[in-house]
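A.B. asks: Dropping a structure here in structure tokens format, bear with me for questions.
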2 protein chains.
Amino acid sequence: MIDTRRNILEKNYEAMHRHGFQGVRPDKVISELGITKGAFYHYFPGKLELGYAVVDEIIGPRYTGLWQQLEHYQGHPVEGIVWCLEYIRSGMNEQSCALGCPLNNLINEMAPLDEGFRIRLQGIMETMHSAIARALQRAADKGLLNRTLDAKNYAYFVLAAMEGCFSVGKSMQRRTAFDAALDELIGTLRGLKQG
Amino acid sequence: MIDTRRNILEKNYEAMHRHGFQGVRPDKVISELGITKGAFYHYFPGKLELGYAVVDEIIGPRYTGLWQQLEHYQGHPVEGIVWCLEYIRSGMNEQSCALGCPLNNLINEMAPLDEGFRIRLQGIMETMHSAIARALQRAADKGLLNRTLDAKNYAYFVLAAMEGCFSVGKSMQRRTAFDAALDELIGTLRGLKQG
DNA sequence: TCTTGCACATACCAATTAGTATGTTCATCT
DNA sequence: AGATGAACATACTAATTGGTATGTGCAAGA
């Protein structure tokens with residue numbers, strides 16, 4: 001293999017997405033990869049550190065990379081947020097809807113169980129939160145909103161609603177429910193715009 | 001014990017809340033209860049059926065019981081929804097915030113993994129969704145809303161935002177984040193009211 | 001009184017899991 | 001050429017997990 005470590009990481013990421021971290025069986029994953037335990041324990045001290053690496057190297061960059069683009073978005077900051085949401089939607093199909101948001105899944109599973117996970121996941125959420133809050137604040141500062149709001153508090157709400165869309169889609173096993181909830185969130189956001 | 005079965009159910013519910021279903025070790029839970037495997041397997045065929053029973057007999061009734069009260073709420077239906085949300089908030093402390101919503105947790109963990117769980121959890125969500133959608137529709141029919149909306153779609157959004165509040169609170173390990181997100185949701189809901 | 005069966009306890013077990021200890025191969029540097 | 005170490009493979013293991021098989025006490029009915 002060209003990059004065994006990366007393959008291990010990505011396959012285990014997929015397994016984590018489906019089964020949760022506790023449900024991952026590194027043995028099975030690596031045997032599906034056609035390699036053995038030797039390779040796995042060569043690159044990772046153990047299962048826990050593998051989980052951390054998946055968060056640090058796959059999940060974290062994916063989310064922070066997206067939301068940090070808000071900083072450079074030209075146009076109404078609210079539309080920037082909507083753009084991010086639509087980007088997320090565009091990357092989804094029926095299956096990924098049924099599996100839910102990898103970040104949301106991991107938060108709900110691991111945040112209360114392991115400090116290492118919790119700190120990492122909290123860091124990702126804080127980065128996303130800051131990006132959204134700053135966008136809202138910019139909009140407010142430029143008088144682009146039709147009411148006053150607390151940017152930080154509202155950013156928590158946006159994050160919550162977005163993650164919740166995944167939970168709804170997952171519980172219903174239907175994209176239509178995810179889409180409906182997301183459409184209403186977007187409508188609510190656009191309702192903040194001046195004019 | 002007065003009701004061993006109920007004790008088993010409730011202790012395992014607590015364990016599921018903390019560790020997730022896959023993380024529950026029925027052995028440990030029952031030994032903490034001071035009973036043995038004999039008692040457990042006398043009342044339940046196995047771990048899976050225990051999980052189903054927890055959903056059917058504890059989680060389900062708790063949620064559906066709350067939201068179905070919307071039907072009899074006197075006053076603006078939107079305030080009925082707000083009342084339910086405030087009721088949920090009132091039942092939370094720092095610890096339950098860190099552990100998250102039992103329903104949300106279970107959906108995110110088990111919906112893609114097991115049909116038995118999925119059907120049960122979906123049923124609970126559909127009951128809640130219907131209750132919210134009907135409340136919104138009543139408000140619309142009575143001309144109590146300041147804009148038109150699709151009650152069913154908006155109900156998905158309300159559910160999503162609510163569940164998302166738990167995810168946010170859980171990831172941040174702080175009630176303030178949960179409260180902030182929930183306050184904004186409530187503000188958004190009240191913004192629908194006429195006048 | 002005898003029996004039946006519920007409500008558990010005790011003892012055992014096979015499979016799984018995560019991990020370790022120990023090779024082996026091969027490229028690279030000296 | 002010989003030494004070295006990265007990159008794996010193989011074989012083993014201790015602990016855990018979920019479950020079964022069997023035993024026991026005791027209350028209620030025949």
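Simple scheme: letters A, B, ... for chains in structure tokens order, numbers from 1 for residues in each chain, numbers from 1 for ligands in the order shown.
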Do me a favour and pick out the residues of chain C within 9 Å of chain B, using only C-alpha atoms (C1' of nucleotides), as a PyMOL selection string.
C.D. replies: chain C and resi 7-10
A.B. asks: Take the residues from that selection and write them out as a PDB file, in the first residue's frame, keeping C-alpha atoms (C1' of nucleotides).
C.D. replies:
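Result went into out-v1.pdb, see below:
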```pdb
ATOM      1  C1'  DA C   7     -38.070 -16.016  41.288  1.00  0.00           C
ATOM      2  C1'  DC C   8     -33.978 -16.064  41.720  1.00  0.00           C
ATOM      3  C1'  DA C   9     -28.610 -17.992  42.763  1.00  0.00           C
ATOM      4  C1'  DT C  10     -24.389 -20.569  41.320  1.00  0.00           C
TER       5       DT C  10
END
```
A.B. asks: With a cut-off of 8 Å and counting only C-alpha atoms, select all residues of chain A in contact with chain B and give the selection as an MDAnalysis selection string.
C.D. replies: chainID A and resid 18:20 22:23 98:100 104:105 107:109 111:113 118 121:122 125 153:168 170:172 177:178 180:182 184:185 188
A.B. asks: Taking only C-alpha atoms (C1' of nucleotides) into account, find every residue of chain D that has an atom no more than 12 Å from chain A, and write it out as a PDB file with N, CA and C atoms (P, O5', C5', C4', C3', O3' and C1' of nucleotides), in the first residue's frame.
C.D. replies:
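What landed in part-v7.pdb:
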```pdb
ATOM      1  P    DA D   6      13.044   2.943  13.048  1.00  0.00           P
ATOM      2  O5'  DA D   6      11.944   3.221  11.926  1.00  0.00           O
ATOM      3  C5'  DA D   6      12.356   3.763  10.678  1.00  0.00           C
ATOM      4  C4'  DA D   6      11.683   3.007   9.540  1.00  0.00           C
ATOM      5  C3'  DA D   6      10.164   2.846   9.708  1.00  0.00           C
ATOM      6  O3'  DA D   6       9.546   3.150   8.468  1.00  0.00           O
ATOM      7  C1'  DA D   6      11.169   0.723   9.364  1.00  0.00           C
ATOM      8  P    DA D   7       7.945   3.278   8.383  1.00  0.00           P
ATOM      9  O5'  DA D   7       7.472   1.821   7.944  1.00  0.00           O
ATOM     10  C5'  DA D   7       7.866   1.320   6.668  1.00  0.00           C
ATOM     11  C4'  DA D   7       7.344  -0.092   6.499  1.00  0.00           C
ATOM     12  C3'  DA D   7       5.873  -0.282   6.926  1.00  0.00           C
ATOM     13  O3'  DA D   7       5.225  -1.099   5.967  1.00  0.00           O
ATOM     14  C1'  DA D   7       7.221  -1.865   7.978  1.00  0.00           C
ATOM     15  P    DC D   8       3.602  -0.994   5.840  1.00  0.00           P
ATOM     16  O5'  DC D   8       3.098  -1.746   7.157  1.00  0.00           O
ATOM     17  C5'  DC D   8       2.387  -2.942   7.066  1.00  0.00           C
ATOM     18  C4'  DC D   8       3.315  -4.141   7.110  1.00  0.00           C
ATOM     19  C3'  DC D   8       2.634  -5.382   7.622  1.00  0.00           C
ATOM     20  O3'  DC D   8       2.005  -6.080   6.570  1.00  0.00           O
ATOM     21  C1'  DC D   8       4.884  -5.186   8.436  1.00  0.00           C
ATOM     22  P    DA D   9       0.867  -7.115   6.891  1.00  0.00           P
ATOM     23  O5'  DA D   9       1.697  -8.358   7.456  1.00  0.00           O
ATOM     24  C5'  DA D   9       2.568  -9.086   6.607  1.00  0.00           C
ATOM     25  C4'  DA D   9       2.991 -10.381   7.277  1.00  0.00           C
ATOM     26  C3'  DA D   9       1.835 -11.252   7.795  1.00  0.00           C
ATOM     27  O3'  DA D   9       2.108 -12.624   7.495  1.00  0.00           O
ATOM     28  C1'  DA D   9       3.268 -10.679   9.605  1.00  0.00           C
ATOM     29  P    DT D  10       1.007 -13.731   7.778  1.00  0.00           P
ATOM     30  O5'  DT D  10       1.455 -14.332   9.185  1.00  0.00           O
ATOM     31  C5'  DT D  10       2.820 -14.606   9.413  1.00  0.00           C
ATOM     32  C4'  DT D  10       2.984 -15.308  10.756  1.00  0.00           C
ATOM     33  C3'  DT D  10       1.791 -16.144  11.210  1.00  0.00           C
ATOM     34  O3'  DT D  10       2.270 -17.393  11.669  1.00  0.00           O
ATOM     35  C1'  DT D  10       2.370 -14.569  12.876  1.00  0.00           C
ATOM     36  P    DA D  11       1.204 -18.529  12.145  1.00  0.00           P
ATOM     37  O5'  DA D  11       1.419 -18.492  13.728  1.00  0.00           O
ATOM     38  C5'  DA D  11       2.727 -18.237  14.260  1.00  0.00           C
ATOM     39  C4'  DA D  11       2.629 -18.075  15.765  1.00  0.00           C
ATOM     40  C3'  DA D  11       1.505 -18.902  16.406  1.00  0.00           C
ATOM     41  O3'  DA D  11       1.991 -19.494  17.601  1.00  0.00           O
ATOM     42  C1'  DA D  11       1.255 -16.627  16.976  1.00  0.00           C
TER      43       DA D  11
END
```
A.B. asks: Please give the complete set of residues from region 10-188 of chain B that DSSP, run on the backbone, assigns to alpha helix (DSSP H), formatted as a count of residues only.
C.D. replies: 133
A.B. asks: Report, in Å with one decimal, the straight-line distance from CA of Ala140 (chain B) to CA of Thr64 (chain B).
C.D. replies: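 CA of Ala140 (chain B) sits 22.9 Å away from CA of Thr64 (chain B).
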A.B. asks: Interatomic distance between CA of Ala131 (chain B) and CA of Glu71 (chain B)?
C.D. replies: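 If I compute the distance from CA of Ala131 (chain B) to CA of Glu71 (chain B), I get 7.1 Å.
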